[in-house]
file final18.cif (mmCIF, C-alpha atoms)
data_query
loop_
_atom_site.label_atom_id
_atom_site.label_comp_id
_atom_site.auth_asym_id
_atom_site.auth_seq_id
_atom_site.Cartn_x
_atom_site.Cartn_y
_atom_site.Cartn_z
CA MET M 1 -0.63 -45.27 -18.55
CA ALA M 2 -0.28 -43.43 -21.86
CA ALA M 3 -2.61 -40.50 -22.44
CA THR M 4 -5.35 -40.98 -25.01
CA ARG M 5 -5.42 -38.83 -28.17
CA GLU M 6 -8.43 -36.91 -26.79
CA GLU M 7 -6.62 -36.20 -23.49
CA GLU M 8 -3.50 -35.07 -25.33
CA GLN M 9 -5.48 -32.72 -27.56
CA GLU M 10 -7.32 -31.38 -24.51
CA SER M 11 -4.00 -30.70 -22.73
CA ARG M 12 -2.83 -28.69 -25.73
CA PHE M 13 -6.07 -26.70 -25.96
CA ASP M 14 -5.27 -22.97 -25.81
CA LEU M 15 -8.23 -21.25 -24.15
CA LEU M 16 -6.80 -17.76 -24.77
CA ALA M 17 -6.68 -18.40 -28.51
CA HIS M 18 -10.47 -18.81 -28.47
CA LEU M 19 -11.19 -15.72 -26.38
CA PRO M 20 -11.51 -12.16 -27.66
CA LYS M 21 -8.15 -10.37 -27.47
CA GLU M 22 -9.55 -7.80 -25.03
CA LEU M 23 -10.58 -10.51 -22.58
CA SER M 24 -7.22 -12.31 -22.87
CA LEU M 25 -5.41 -9.05 -22.13
CA LYS M 26 -7.70 -8.44 -19.14
CA ILE M 27 -6.63 -11.80 -17.71
CA PHE M 28 -2.96 -10.91 -18.21
CA THR M 29 -3.37 -7.63 -16.28
CA TYR M 30 -3.49 -9.69 -13.07
CA LEU M 31 0.02 -11.07 -13.66
CA THR M 32 3.26 -9.69 -12.23
CA GLY M 33 6.20 -8.75 -14.42
CA LYS M 34 7.95 -12.00 -13.55
CA GLU M 35 4.84 -14.02 -14.45
CA LEU M 36 4.42 -12.15 -17.75
CA SER M 37 8.01 -13.05 -18.66
CA VAL M 38 7.22 -16.72 -17.98
CA VAL M 39 4.03 -16.87 -20.05
CA CYS M 40 5.95 -15.41 -23.00
CA LYS M 41 7.61 -18.83 -23.32
CA VAL M 42 4.35 -20.81 -23.55
CA SER M 43 3.49 -20.14 -27.18
CA LYS M 44 3.72 -17.54 -29.91
CA ASN M 45 0.15 -16.44 -29.22
CA TRP M 46 0.84 -15.95 -25.49
CA ARG M 47 4.10 -14.18 -26.28
CA ASP M 48 2.34 -11.72 -28.58
CA LEU M 49 -0.31 -11.04 -25.93
CA ALA M 50 2.25 -10.65 -23.14
CA ASN M 51 4.21 -8.14 -25.22
CA PHE M 52 1.26 -5.76 -25.40
CA ASN M 53 2.59 -2.33 -24.40
CA LEU M 54 -0.30 -1.39 -22.11
CA LEU M 55 0.32 -4.42 -19.87
CA TRP M 56 3.91 -3.41 -19.22
CA LYS M 57 3.06 0.27 -19.02
CA LYS M 58 0.71 -0.50 -16.13
CA LEU M 59 3.53 -2.36 -14.33
CA CYS M 60 5.98 0.49 -15.05
CA ILE M 61 3.63 3.10 -13.63
CA LYS M 62 3.19 0.96 -10.50
CA GLU M 63 6.99 0.86 -10.09
CA SER M 64 7.46 4.58 -10.97
CA ILE M 65 9.26 3.62 -14.19
CA GLY M 66 9.34 5.64 -17.37
CA GLN M 67 8.47 9.14 -16.14
CA ASP M 68 11.03 10.32 -18.71
CA THR M 69 9.75 8.70 -21.88
CA GLU M 70 12.45 9.92 -24.24
CA PHE M 71 15.74 8.12 -24.69
CA ILE M 72 18.91 9.14 -26.45
CA THR M 73 19.53 5.77 -28.03
CA ARG M 74 17.34 2.70 -28.38
CA GLU M 75 20.46 0.54 -28.22
CA SER M 76 20.82 1.52 -24.58
CA LEU M 77 17.50 -0.23 -23.88
CA GLU M 78 18.69 -3.65 -25.04
CA VAL M 79 18.19 -6.28 -22.33
CA LYS M 80 18.71 -10.02 -22.20
CA SER M 81 15.17 -11.32 -22.22
CA GLU M 82 12.98 -13.98 -23.74
CA LEU M 83 10.71 -11.25 -25.10
CA GLU M 84 10.93 -11.25 -28.88
CA PRO M 85 10.13 -8.83 -30.29
CA LYS M 86 10.63 -6.69 -27.21
CA CYS M 87 8.00 -4.03 -26.52
CA ARG M 88 9.30 -0.72 -25.25
CA TRP M 89 7.65 -0.74 -21.82
CA ALA M 90 8.85 -4.30 -21.21
CA GLN M 91 12.39 -3.11 -21.92
CA LEU M 92 11.98 -0.31 -19.38
CA TYR M 93 10.57 -2.68 -16.79
CA HIS M 94 13.36 -5.24 -17.13
CA GLU M 95 16.01 -2.52 -17.08
CA LYS M 96 14.58 -1.16 -13.83
CA MET M 97 14.37 -4.62 -12.26
CA ARG M 98 18.00 -5.27 -13.18
CA LEU M 99 19.05 -1.97 -11.59
CA LEU M 100 17.09 -2.75 -8.42
CA SER M 101 18.71 -6.18 -8.14
CA ASN M 102 22.21 -4.81 -8.74
CA TRP M 103 21.82 -2.08 -6.12
CA ALA M 104 20.34 -4.52 -3.58
CA GLU M 105 23.35 -6.84 -3.99
CA ASP M 106 25.91 -4.04 -4.53
CA LYS M 107 26.66 -5.65 -7.87
CA HIS M 108 28.72 -3.11 -9.80
CA ILE M 109 31.72 -2.60 -12.02
CA TRP M 110 34.24 0.23 -12.07
CA LEU M 111 34.78 2.00 -15.39
CA ALA M 112 37.51 4.58 -16.00
CA LEU M 113 37.45 7.50 -18.39
CA ASP M 114 40.70 9.43 -18.88
CA LYS M 115 40.10 12.97 -20.10
CA GLN M 116 41.94 16.23 -19.65
CA LYS M 117 40.14 18.82 -17.45
CA PRO M 118 36.75 17.08 -17.73
CA SER M 119 33.28 18.39 -16.87
CA VAL M 120 30.57 15.74 -16.61
CA ASP M 121 26.80 15.46 -16.50
CA VAL M 122 24.67 12.29 -16.41
CA TYR M 123 21.24 11.62 -17.88
CA GLN M 124 20.01 8.09 -17.18
CA ASN M 125 22.60 5.80 -18.84
CA ILE M 126 24.26 8.56 -20.87
CA LEU M 127 27.35 10.50 -19.81
CA ALA M 128 28.18 13.87 -21.40
CA VAL M 129 31.88 14.64 -21.01
CA VAL M 130 33.38 18.00 -22.01
CA HIS M 131 37.16 17.98 -21.95
CA TRP M 132 40.28 19.62 -23.36
CA THR M 133 42.10 17.89 -26.20
CA ASN M 134 44.73 19.13 -28.66
CA ASP M 135 44.43 22.65 -27.23
CA SER M 136 40.71 22.79 -27.98
CA PRO M 137 37.50 21.65 -26.24
CA ALA M 138 35.67 18.47 -27.22
CA VAL M 139 32.33 16.89 -26.25
CA ASP M 140 31.87 13.11 -25.93
CA ILE M 141 28.57 11.24 -25.46
CA VAL M 142 29.24 7.95 -23.65
CA ASP M 143 26.96 4.99 -22.89
CA ILE M 144 27.68 3.53 -19.43
CA THR M 145 25.56 0.41 -19.99
CA LYS M 146 28.40 -1.26 -21.87
CA ILE M 147 31.05 -3.31 -20.09
CA SER M 148 33.64 -0.92 -21.46
CA LEU M 149 32.49 2.64 -21.86
CA GLN M 150 31.12 2.96 -25.37
CA GLN M 151 31.53 6.35 -27.00
CA LEU M 152 28.32 6.93 -28.89
CA GLN M 153 29.23 10.26 -30.39
CA THR M 154 31.92 12.94 -30.46
CA LEU M 155 30.45 16.39 -31.04
CA PRO M 156 32.72 18.71 -32.99
CA LEU M 157 32.30 22.38 -32.17
CA PRO M 158 31.51 24.27 -35.38
CA PHE M 159 33.98 27.00 -34.43
CA ASN M 160 37.03 27.41 -32.22
CA ILE M 161 36.55 28.76 -28.70
CA PRO M 162 39.85 29.68 -27.05
CA ARG M 163 38.49 29.05 -23.56
CA GLU M 164 38.14 26.06 -21.29
CA PRO M 165 34.64 24.62 -20.83
CA VAL M 166 33.14 25.50 -17.46
CA GLY M 167 29.99 23.39 -17.46
CA VAL M 168 27.75 20.89 -19.24
CA CYS M 169 24.08 19.90 -18.88
CA ILE M 170 22.21 17.12 -20.70
CA ASN M 171 18.75 15.57 -20.95
CA ALA M 172 17.05 13.41 -23.57
CA SER M 173 16.74 16.16 -26.15
CA VAL M 174 19.14 19.02 -25.34
CA LEU M 175 22.81 19.41 -24.43
CA THR M 176 24.40 22.71 -23.39
CA VAL M 177 28.10 23.47 -22.93
CA GLU M 178 29.28 26.70 -21.33
CA PHE M 179 32.51 28.61 -22.05
CA SER M 180 32.58 31.65 -19.72
CA ASN M 181 29.60 33.74 -20.93
CA ILE M 182 28.97 31.63 -24.07
CA SER M 183 26.54 28.69 -24.22
CA VAL M 184 26.71 26.21 -27.09
CA ILE M 185 23.44 24.30 -27.65
CA PHE M 186 23.07 20.85 -29.24
CA VAL M 187 19.77 19.05 -29.90
CA CYS M 188 19.06 15.33 -30.24
CA ASN M 189 17.37 13.99 -33.36
CA ASN M 190 17.04 10.27 -34.15
CA GLY M 191 19.40 9.32 -31.34
CA LYS M 192 22.19 11.74 -32.33
CA PHE M 193 23.10 15.21 -31.09
CA HIS M 194 23.59 18.01 -33.59
CA TYR M 195 24.72 21.59 -33.18
CA GLU M 196 21.77 24.01 -33.04
CA ILE M 197 23.00 27.47 -32.05
CA SER M 198 25.18 29.49 -29.66
CA VAL M 199 23.88 32.17 -27.30
CA ILE M 200 25.33 34.75 -24.93
CA PRO M 201 22.75 34.81 -22.11
CA ASP M 202 24.05 37.77 -20.07
CA LEU M 203 23.81 40.02 -23.15
CA GLN M 204 20.71 38.21 -24.50
CA ILE M 205 22.39 37.66 -27.87
CA VAL M 206 21.78 34.79 -30.32
CA CYS M 207 24.81 34.20 -32.53
CA PRO M 208 23.67 33.84 -36.18
CA LEU M 209 24.62 30.55 -37.81
CA GLY M 210 27.93 30.88 -39.62
CA GLN M 211 28.81 34.11 -37.82
CA GLU M 212 29.66 32.67 -34.40
CA PRO M 213 33.43 33.45 -34.50
CA GLU M 214 32.80 37.15 -35.16
CA PHE M 215 30.16 37.43 -32.44
CA ILE M 216 32.20 35.48 -29.89
CA GLU M 217 35.31 37.54 -30.55
CA LYS M 218 33.27 40.70 -30.09
CA TYR M 219 31.15 39.76 -27.06
CA GLN M 220 33.06 37.12 -25.08
CA SER M 221 34.03 38.15 -21.56
CA ASP M 222 35.13 36.73 -18.23
CA ASN M 223 31.55 36.79 -16.97
CA ARG M 224 30.30 33.26 -16.35
CA CYS M 225 26.98 31.68 -17.21
CA TRP M 226 25.78 28.16 -16.53
CA THR M 227 22.66 26.12 -17.19
CA LEU M 228 20.30 25.87 -14.23
CA CYS M 229 17.90 23.43 -15.91
CA LEU M 230 16.60 22.21 -19.27
CA ALA M 231 12.80 22.49 -19.34
CA GLY M 232 11.49 21.38 -22.72
CA ARG M 233 11.98 24.20 -25.21
CA TYR M 234 13.22 26.50 -22.43
CA ILE M 235 16.76 26.74 -21.06
CA TRP M 236 17.24 28.44 -17.70
CA TYR M 237 20.60 30.17 -17.28
CA GLN M 238 22.29 31.82 -14.34
CA ALA M 239 24.24 34.77 -15.80
CA SER M 240 26.12 36.74 -13.15
CA SER M 241 23.41 37.32 -10.53
CA VAL M 242 20.49 37.21 -12.97
CA VAL M 243 18.32 34.34 -14.22
CA ILE M 244 17.76 34.36 -17.99
CA ILE M 245 15.32 32.06 -19.84
CA TYR M 246 16.04 31.24 -23.47
CA ASP M 247 13.16 30.01 -25.66
CA ARG M 248 14.65 27.71 -28.32
CA THR M 249 11.53 27.97 -30.49
CA SER M 250 11.20 31.74 -30.70
CA LYS M 251 14.94 32.38 -30.08
CA LYS M 252 14.03 35.03 -27.54
CA PHE M 253 15.19 35.71 -23.98
CA ARG M 254 13.34 36.57 -20.81
CA LYS M 255 15.05 38.19 -17.84
CA MET M 256 13.67 37.07 -14.45
CA ASP M 257 14.06 40.26 -12.40
CA GLY M 258 12.24 38.77 -9.41
CA ILE M 259 14.80 35.99 -8.86
CA LEU M 260 18.01 36.99 -7.08
CA GLN M 261 20.79 34.90 -5.51
CA VAL M 262 19.66 31.48 -6.72
CA VAL M 263 20.83 28.78 -4.30
CA ALA M 264 19.24 25.69 -5.90
CA VAL M 265 16.88 24.71 -8.72
CA GLU M 266 14.81 21.52 -9.03
CA LEU M 267 12.85 20.38 -12.09
CA GLN M 268 10.00 17.86 -12.35
CA GLY M 269 7.96 17.68 -15.54
CA GLU M 270 6.97 21.20 -16.49
CA LEU M 271 7.44 22.68 -13.00
CA ILE M 272 10.60 24.38 -11.73
CA VAL M 273 11.23 25.17 -8.07
CA VAL M 274 13.78 27.90 -7.33
CA GLN M 275 15.34 28.30 -3.90
CA CYS M 276 16.64 31.72 -2.93
CA PRO M 277 17.96 32.62 0.54
CA HIS M 278 14.64 34.13 1.65
CA SER M 279 12.01 32.56 -0.62
CA ILE M 280 10.94 29.45 -2.51
CA GLN M 281 9.17 29.98 -5.85
CA VAL M 282 7.50 27.60 -8.31
CA PHE M 283 7.43 28.41 -12.04
CA TYR M 284 6.37 26.95 -15.32
CA GLY M 285 9.16 26.45 -17.85
CA ASP M 286 8.37 29.73 -19.60
CA GLY M 287 8.90 31.68 -16.36
CA LYS M 288 5.27 32.12 -15.34
CA LEU M 289 5.08 32.28 -11.53
CA LEU M 290 2.80 29.65 -10.00
CA TYR M 291 3.49 29.74 -6.23
CA THR M 292 5.64 31.55 -3.68
CA TYR M 293 6.58 30.48 -0.16
CA CYS M 294 8.01 33.26 1.99
CA ALA M 295 7.03 32.90 5.63
CA HIS M 296 9.15 35.76 6.99
CA SER M 297 11.93 37.98 5.68
CA ASN M 298 14.39 36.90 8.40
CA LEU M 299 14.02 33.18 7.62
CA PHE M 300 16.57 31.27 5.53
CA TYR M 301 15.82 28.34 3.23
CA THR M 302 18.25 25.55 2.31
CA GLY M 303 18.33 21.91 1.17
CA LEU M 304 15.67 22.07 -1.57
CA VAL M 305 14.47 18.68 -2.90
CA MET M 306 11.62 17.80 -5.24
CA SER M 307 9.60 14.77 -6.33
CA SER M 308 6.76 14.28 -8.78
CA THR M 309 4.18 15.18 -6.13
CA SER M 310 5.83 17.62 -3.69
CA PHE M 311 8.88 19.66 -2.77
CA ALA M 312 10.56 20.21 0.59
CA PHE M 313 13.28 22.31 2.18
CA LEU M 314 14.84 23.29 5.49
CA GLN M 315 13.74 26.52 7.14
CA SER M 316 15.74 28.28 9.84
CA GLU M 317 16.08 31.61 11.57
CA ASP M 318 19.62 33.00 11.79
CA PHE M 319 21.77 30.26 13.37
CA SER M 320 18.93 28.25 14.95
CA ASP M 321 18.34 24.58 14.10
CA PRO M 322 16.35 24.17 10.87
CA HIS M 323 13.00 22.44 10.61
CA VAL M 324 11.41 20.77 7.60
CA VAL M 325 8.72 22.29 5.37
CA GLN M 326 6.99 20.15 2.73
CA VAL M 327 4.56 21.51 0.10
CA GLU M 328 2.22 19.31 -1.95
CA LEU M 329 2.20 20.35 -5.62
CA SER M 330 -1.43 19.47 -6.29
CA THR M 331 -2.99 21.30 -3.32
CA TRP M 332 -0.16 23.53 -1.96
CA GLN M 333 -0.87 21.96 1.44
CA ILE M 334 2.04 22.51 3.85
CA TYR M 335 3.46 20.00 6.36
CA LYS M 336 6.10 20.87 8.94
CA GLU M 337 8.43 18.80 11.12
CA THR M 338 9.89 20.71 14.06
CA THR M 339 10.77 18.03 16.63
CA LEU M 340 13.86 16.48 15.01
CA LYS M 341 17.29 18.04 14.59
CA VAL M 342 17.41 17.56 10.81
CA TYR M 343 20.35 18.39 8.56
CA ARG M 344 19.50 16.58 5.26
CA ILE M 345 16.25 15.66 3.53
CA ALA M 346 15.14 13.61 0.50
CA LEU M 347 11.79 12.87 -1.12
CA HIS M 348 10.06 9.79 -2.50
CA LYS M 349 6.74 10.95 -3.99
CA SER M 350 4.95 12.44 -0.94
CA MET M 351 7.14 10.61 1.59
CA ILE M 352 9.84 12.77 3.13
CA LEU M 353 13.05 11.19 4.42
CA LEU M 354 15.06 12.91 7.15
CA LEU M 355 18.64 12.50 8.32
CA SER M 356 18.82 13.79 11.86
CA GLN M 357 21.40 14.09 14.61
CA GLU M 358 21.42 13.25 18.34
CA PRO M 359 21.00 10.41 17.65
CA PHE M 360 22.14 9.90 14.05
CA SER M 361 19.01 8.41 12.46
CA LEU M 362 16.96 8.02 9.29
CA THR M 363 13.23 8.79 9.52
CA SER M 364 10.35 8.46 7.05
CA ILE M 365 7.34 10.78 7.33
CA LEU M 366 4.18 10.73 5.18
CA GLN M 367 1.67 13.57 5.49
CA GLY M 368 2.90 14.48 8.93
CA GLU M 369 2.92 10.91 10.31
CA THR M 370 6.13 8.97 11.09
CA LYS M 371 6.19 5.70 9.12
CA TRP M 372 9.51 4.29 10.34
CA ASN M 373 12.71 5.30 12.09
CA ASN M 374 16.09 3.64 11.84
CA LEU M 375 19.15 4.41 13.95
CA ILE M 376 22.34 4.58 11.89
CA ARG M 377 25.52 3.16 13.34
CA GLY M 378 28.41 5.53 13.94
CA THR M 379 28.27 9.29 13.89
CA LYS M 380 28.10 11.81 11.12
CA TYR M 381 31.02 13.88 9.87
CA LEU M 382 29.63 17.39 10.04
CA ARG M 383 31.37 18.73 6.96
CA PRO M 384 28.88 20.67 4.85
CA GLY M 385 28.76 20.42 1.08
CA LYS M 386 29.82 16.82 0.51
CA ASP M 387 26.99 14.77 1.96
CA PHE M 388 24.95 12.64 -0.43
CA PHE M 389 21.44 11.68 0.60
CA SER M 390 18.98 10.62 -2.10
CA VAL M 391 16.44 8.04 -3.24
CA ILE M 392 17.79 5.54 -5.79
CA CYS M 393 15.48 3.83 -8.32
CA SER M 394 12.43 4.88 -6.24
CA ARG M 395 13.29 1.99 -3.90
CA TYR M 396 16.49 2.63 -1.91
CA VAL M 397 17.87 5.41 0.26
CA PHE M 398 21.53 6.29 -0.32
CA VAL M 399 23.49 7.80 2.62
CA CYS M 400 27.10 8.95 2.30
CA PRO M 401 29.26 9.38 4.38
CA SER M 402 28.27 6.64 6.81
CA LEU M 403 29.67 4.81 9.83
CA ALA M 404 31.76 7.91 10.63
CA ARG M 405 33.84 7.33 7.51
CA LEU M 406 34.00 9.58 4.46
CA ASP M 407 34.61 6.60 2.15
CA MET M 408 31.53 4.61 3.21
CA PHE M 409 27.92 4.66 2.07
CA SER M 410 24.86 2.84 3.40
CA LEU M 411 21.75 1.64 1.57
CA PHE M 412 18.24 1.34 3.06
CA ASP M 413 14.85 0.21 1.77
CA VAL M 414 12.65 3.28 1.29
CA ASN M 415 9.43 1.40 2.11
CA ASN M 416 10.33 0.01 5.55
CA GLY M 417 13.75 1.46 6.46
CA GLN M 418 15.46 -1.94 6.37
CA HIS M 419 19.24 -1.59 6.38
CA LEU M 420 20.64 -3.46 3.36
CA TYR M 421 24.40 -2.97 3.60
CA ASP M 422 27.37 -0.67 4.20
CA THR M 423 30.21 -0.57 1.70
CA SER M 424 33.33 1.38 0.88
CA LEU M 425 33.87 3.55 -2.20
CA ASN M 426 37.63 3.44 -1.72
CA THR M 427 37.63 7.21 -1.99
CA SER M 428 36.31 10.16 0.00
CA SER M 429 32.80 11.48 -0.52
CA TYR M 430 34.51 14.75 -1.45
CA ASN M 431 35.41 13.12 -4.79
CA ILE M 432 31.85 12.09 -5.65
CA GLN M 433 30.33 14.27 -8.35
CA THR M 434 27.03 12.55 -9.15
CA VAL M 435 24.77 9.93 -7.58
CA SER M 436 22.12 8.58 -9.96
CA ASP M 437 19.96 5.48 -10.49
CA TYR M 438 22.55 4.10 -12.89
CA CYS M 439 25.90 4.98 -11.38
CA LEU M 440 28.16 7.00 -9.13
CA VAL M 441 30.55 9.39 -10.88
CA VAL M 442 33.82 9.91 -8.98
CA HIS M 443 36.73 12.22 -9.78
CA SER M 444 39.77 10.39 -8.47
CA LYS M 445 42.32 12.54 -10.28
CA LYS M 446 42.25 15.73 -12.29
CA THR M 447 42.24 13.74 -15.52
CA THR M 448 40.38 10.57 -14.50
CA ILE M 449 36.66 9.97 -14.07
CA ASN M 450 35.74 6.70 -12.36
CA ILE M 451 32.22 5.38 -12.80
CA ARG M 452 30.75 2.86 -10.37
CA SER M 453 28.12 1.38 -12.70
CA TYR M 454 25.12 -0.62 -11.47
CA VAL M 455 23.85 -1.34 -14.98
#

call {"tool": "encode", "arguments": {"input": "final18.cif", "output": "structure tokens"}}
result
Amino acid sequence: MAATREEEQESRFDLLAHLPKELSLKIFTYLTGKELSVVCKVSKNWRDLANFNLLWKKLCIKESIGQDTEFITRESLEVKSELEPKCRWAQLYHEKMRLLSNWAEDKHIWLALDKQKPSVDVYQNILAVVHWTNDSPAVDIVDITKISLQQLQTLPLPFNIPREPVGVCINASVLTVEFSNISVIFVCNNGKFHYEISVIPDLQIVCPLGQEPEFIEKYQSDNRCWTLCLAGRYIWYQASSVVIIYDRTSKKFRKMDGILQVVAVELQGELIVVQCPHSIQVFYGDGKLLYTYCAHSNLFYTGLVMSSTSFAFLQSEDFSDPHVVQVELSTWQIYKETTLKVYRIALHKSMILLLSQEPFSLTSILQGETKWNNLIRGTKYLRPGKDFFSVICSRYVFVCPSLARLDMFSLFDVNNGQHLYDTSLNTSSYNIQTVSDYCLVVHSKKTTINIRSYV
């Protein structure tokens, strides 16, 4: 029976169009990301409401998305979606969901980058590659989200440096490239990197613009410096055995006399955790000391990891088996695990993940209580220095090597320990350089970088 005109009009009645916008948005806060994507297709009014940034921001915070809110290029955020126009937090959410799906299904592509004597660093979907070309160094910024690696920018050095690059470090706003004791600094403005200045950290010298060749010829040496971390306006350098902080705003240096023999550095937000052989220290970016952990002078600390809420490390005495120490950043409360024979740790917020031996197993502990334990098939190759154990996309645990094979990795669900799959990299873990949410970077040859992209 055909619907009457009144029934047809009633079926087309849009209740949300007659409600205050605030109330309509309140109703939409109860929807999931998938449901919000569906209601975008109902009408223009619903689409506009569902594209409200605060709705998607709430979902992103729930999924631990968007802690780094700066991006090098907006083009890298493009996603195939029905959202038009796309709001920024919706783009972030859909990008994260795509990454989660690709990792869960091991859906990836291999990309190759042929460069001579390359050094590589990864920030989100951006690859910074420093390499040797035509007898001089060059810096390429590459987007790995494209099917074929898209070169976003080639950074010309404003002067000739007759030395090979020894290191590179990148985040959303700063890029540093080291040549022995010289550090060349680029900054990002409007999605493009530009040369800012060159410094010589070990001598605490800023090279004046336009006079770099004279200063470099006079002060260059075989001493090496490298970037420990990029913390806002501050750059932390290791120069010989000393830590030097360079303030990009004031163009001044600060020598950290209290930090010797740096083993590892972790950065989260404005906090920096520095691991030395006999102490763990927490600093602000400007070098102000916030906290020190030093239980005893004959204890050794290794395996530093950090999350947004805590940091953890392994503590041992001489050659005894290490045990785990976790420190909450908000309260400095300390948790210890001494029953398991642990050799690697990772963090997901306040949850600590342990790889232990005898038997080879993966364990999750939250505030001192075991949440789950999962035995891992095979045995572990005990070859220090080339194990990779980390949390991917705040959802999965990455373990490599696995199944007693250096070319295998295993993936687990961080929430319940469910084993998802084992797969081969077709190369040894010794060739892996970086494991990130977006990709694995593998050096297969001296001149070839292979990227296993999950974008």

call {"tool": "resolve_selection", "arguments": {"input": "final18.cif", "expression": "the PyMOL selection byres ((chain M and resi 281) around 6)", "output": "PyMOL selection string"}}
result
chain M and resi 273-274+280+282+291-292

call {"tool": "write_last_selection", "arguments": {"input": "final18.cif", "atoms": "C-alpha atoms", "output": "PDB file, keeping the file's coordinate frame"}}
result
ATOM      1  CA  VAL M 273      11.230  25.170  -8.070  1.00  0.00           C
ATOM      2  CA  VAL M 274      13.780  27.900  -7.330  1.00  0.00           C
ATOM      3  CA  ILE M 280      10.940  29.450  -2.510  1.00  0.00           C
ATOM      4  CA  VAL M 282       7.500  27.600  -8.310  1.00  0.00           C
ATOM      5  CA  TYR M 291       3.490  29.740  -6.230  1.00  0.00           C
ATOM      6  CA  THR M 292       5.640  31.550  -3.680  1.00  0.00           C
TER       7      THR M 292
END

call {"tool": "residues_around", "arguments": {"input": "final18.cif", "residues": "Met408 (chain M)", "least_positions_apart": "4", "cutoff": "7 Å", "atoms": "all atoms listed in the file", "output": "PDB file with C-alpha atoms, keeping the file's coordinate frame"}}
result
ATOM      1  CA  CYS M 400      27.100   8.950   2.300  1.00  0.00           C
ATOM      2  CA  PRO M 401      29.260   9.380   4.380  1.00  0.00           C
ATOM      3  CA  SER M 402      28.270   6.640   6.810  1.00  0.00           C
ATOM      4  CA  LEU M 403      29.670   4.810   9.830  1.00  0.00           C
ATOM      5  CA  ASP M 422      27.370  -0.670   4.200  1.00  0.00           C
ATOM      6  CA  THR M 423      30.210  -0.570   1.700  1.00  0.00           C
ATOM      7  CA  SER M 424      33.330   1.380   0.880  1.00  0.00           C
ATOM      8  CA  LEU M 425      33.870   3.550  -2.200  1.00  0.00           C
TER       9      LEU M 425
END

call {"tool": "closest_residue", "arguments": {"input": "final18.cif", "among": "M:Lys44, M:His18, M:Lys192, M:His131", "to": "Pro118 (chain M)", "atoms": "all atoms listed in the file"}}
result
M:His131

call {"tool": "resolve_selection", "arguments": {"input": "final18.cif", "expression": "the PyMOL selection byres ((chain M and resi 355) around 10)", "output": "PyMOL selection string"}}
result
chain M and resi 340-346+353-354+356-357+359-364+374-376+380+389+399

call {"tool": "closest_residue", "arguments": {"input": "final18.cif", "among": "M:Trp56, M:Leu230, M:Ile144, M:Trp103", "to": "Val397 (chain M)", "atoms": "only C-alpha atoms"}}
result
M:Trp103

call {"tool": "atom_distance", "arguments": {"input": "final18.cif", "atom1": "CA of Asp407 (chain M)", "atom2": "CA of Asn426 (chain M)"}}
result
5.8 Å

call {"tool": "resolve_selection", "arguments": {"input": "final18.cif", "expression": "the PyMOL selection byres ((chain M and resi 234) around 7)", "output": "PyMOL selection string"}}
result
chain M and resi 230-233+235-236+245-248+285-286

call {"tool": "closest_residue", "arguments": {"input": "final18.cif", "among": "M:Ser453, M:Thr427, M:Lys349, M:Cys393", "to": "Leu100 (chain M)", "atoms": "only C-alpha atoms"}}
result
M:Cys393

call {"tool": "decode", "arguments": {"input": "final18.cif", "residues": "region 344-354 of chain M", "atoms": "N, CA and C atoms", "output": "compact mmCIF listing (two decimals), in the first residue's frame"}}
result
# COMPACT_ATOMS: atom_id res chain seq x y z
N ARG M 344 63.66 -7.96 28.24
CA ARG M 344 63.22 -6.80 27.48
C ARG M 344 61.89 -6.31 28.04
N ILE M 345 61.69 -4.99 27.99
CA ILE M 345 60.45 -4.40 28.49
C ILE M 345 59.92 -3.38 27.49
N ALA M 346 58.60 -3.12 27.56
CA ALA M 346 57.95 -2.08 26.76
C ALA M 346 56.82 -1.51 27.61
N LEU M 347 56.32 -0.35 27.22
CA LEU M 347 55.27 0.31 27.99
C LEU M 347 54.10 0.69 27.09
N HIS M 348 52.89 0.55 27.65
CA HIS M 348 51.68 1.09 27.04
C HIS M 348 50.95 1.84 28.15
N LYS M 349 51.07 3.18 28.14
CA LYS M 349 50.56 4.01 29.23
C LYS M 349 51.18 3.52 30.54
N SER M 350 50.35 3.06 31.49
CA SER M 350 50.90 2.56 32.77
C SER M 350 51.08 1.05 32.78
N MET M 351 50.73 0.38 31.68
CA MET M 351 50.89 -1.06 31.59
C MET M 351 52.30 -1.39 31.12
N ILE M 352 52.97 -2.26 31.86
CA ILE M 352 54.32 -2.66 31.48
C ILE M 352 54.27 -4.06 30.88
N LEU M 353 54.99 -4.24 29.79
CA LEU M 353 55.02 -5.51 29.07
C LEU M 353 56.42 -6.09 29.20
N LEU M 354 56.49 -7.38 29.53
CA LEU M 354 57.77 -8.02 29.83
C LEU M 354 57.99 -9.22 28.92
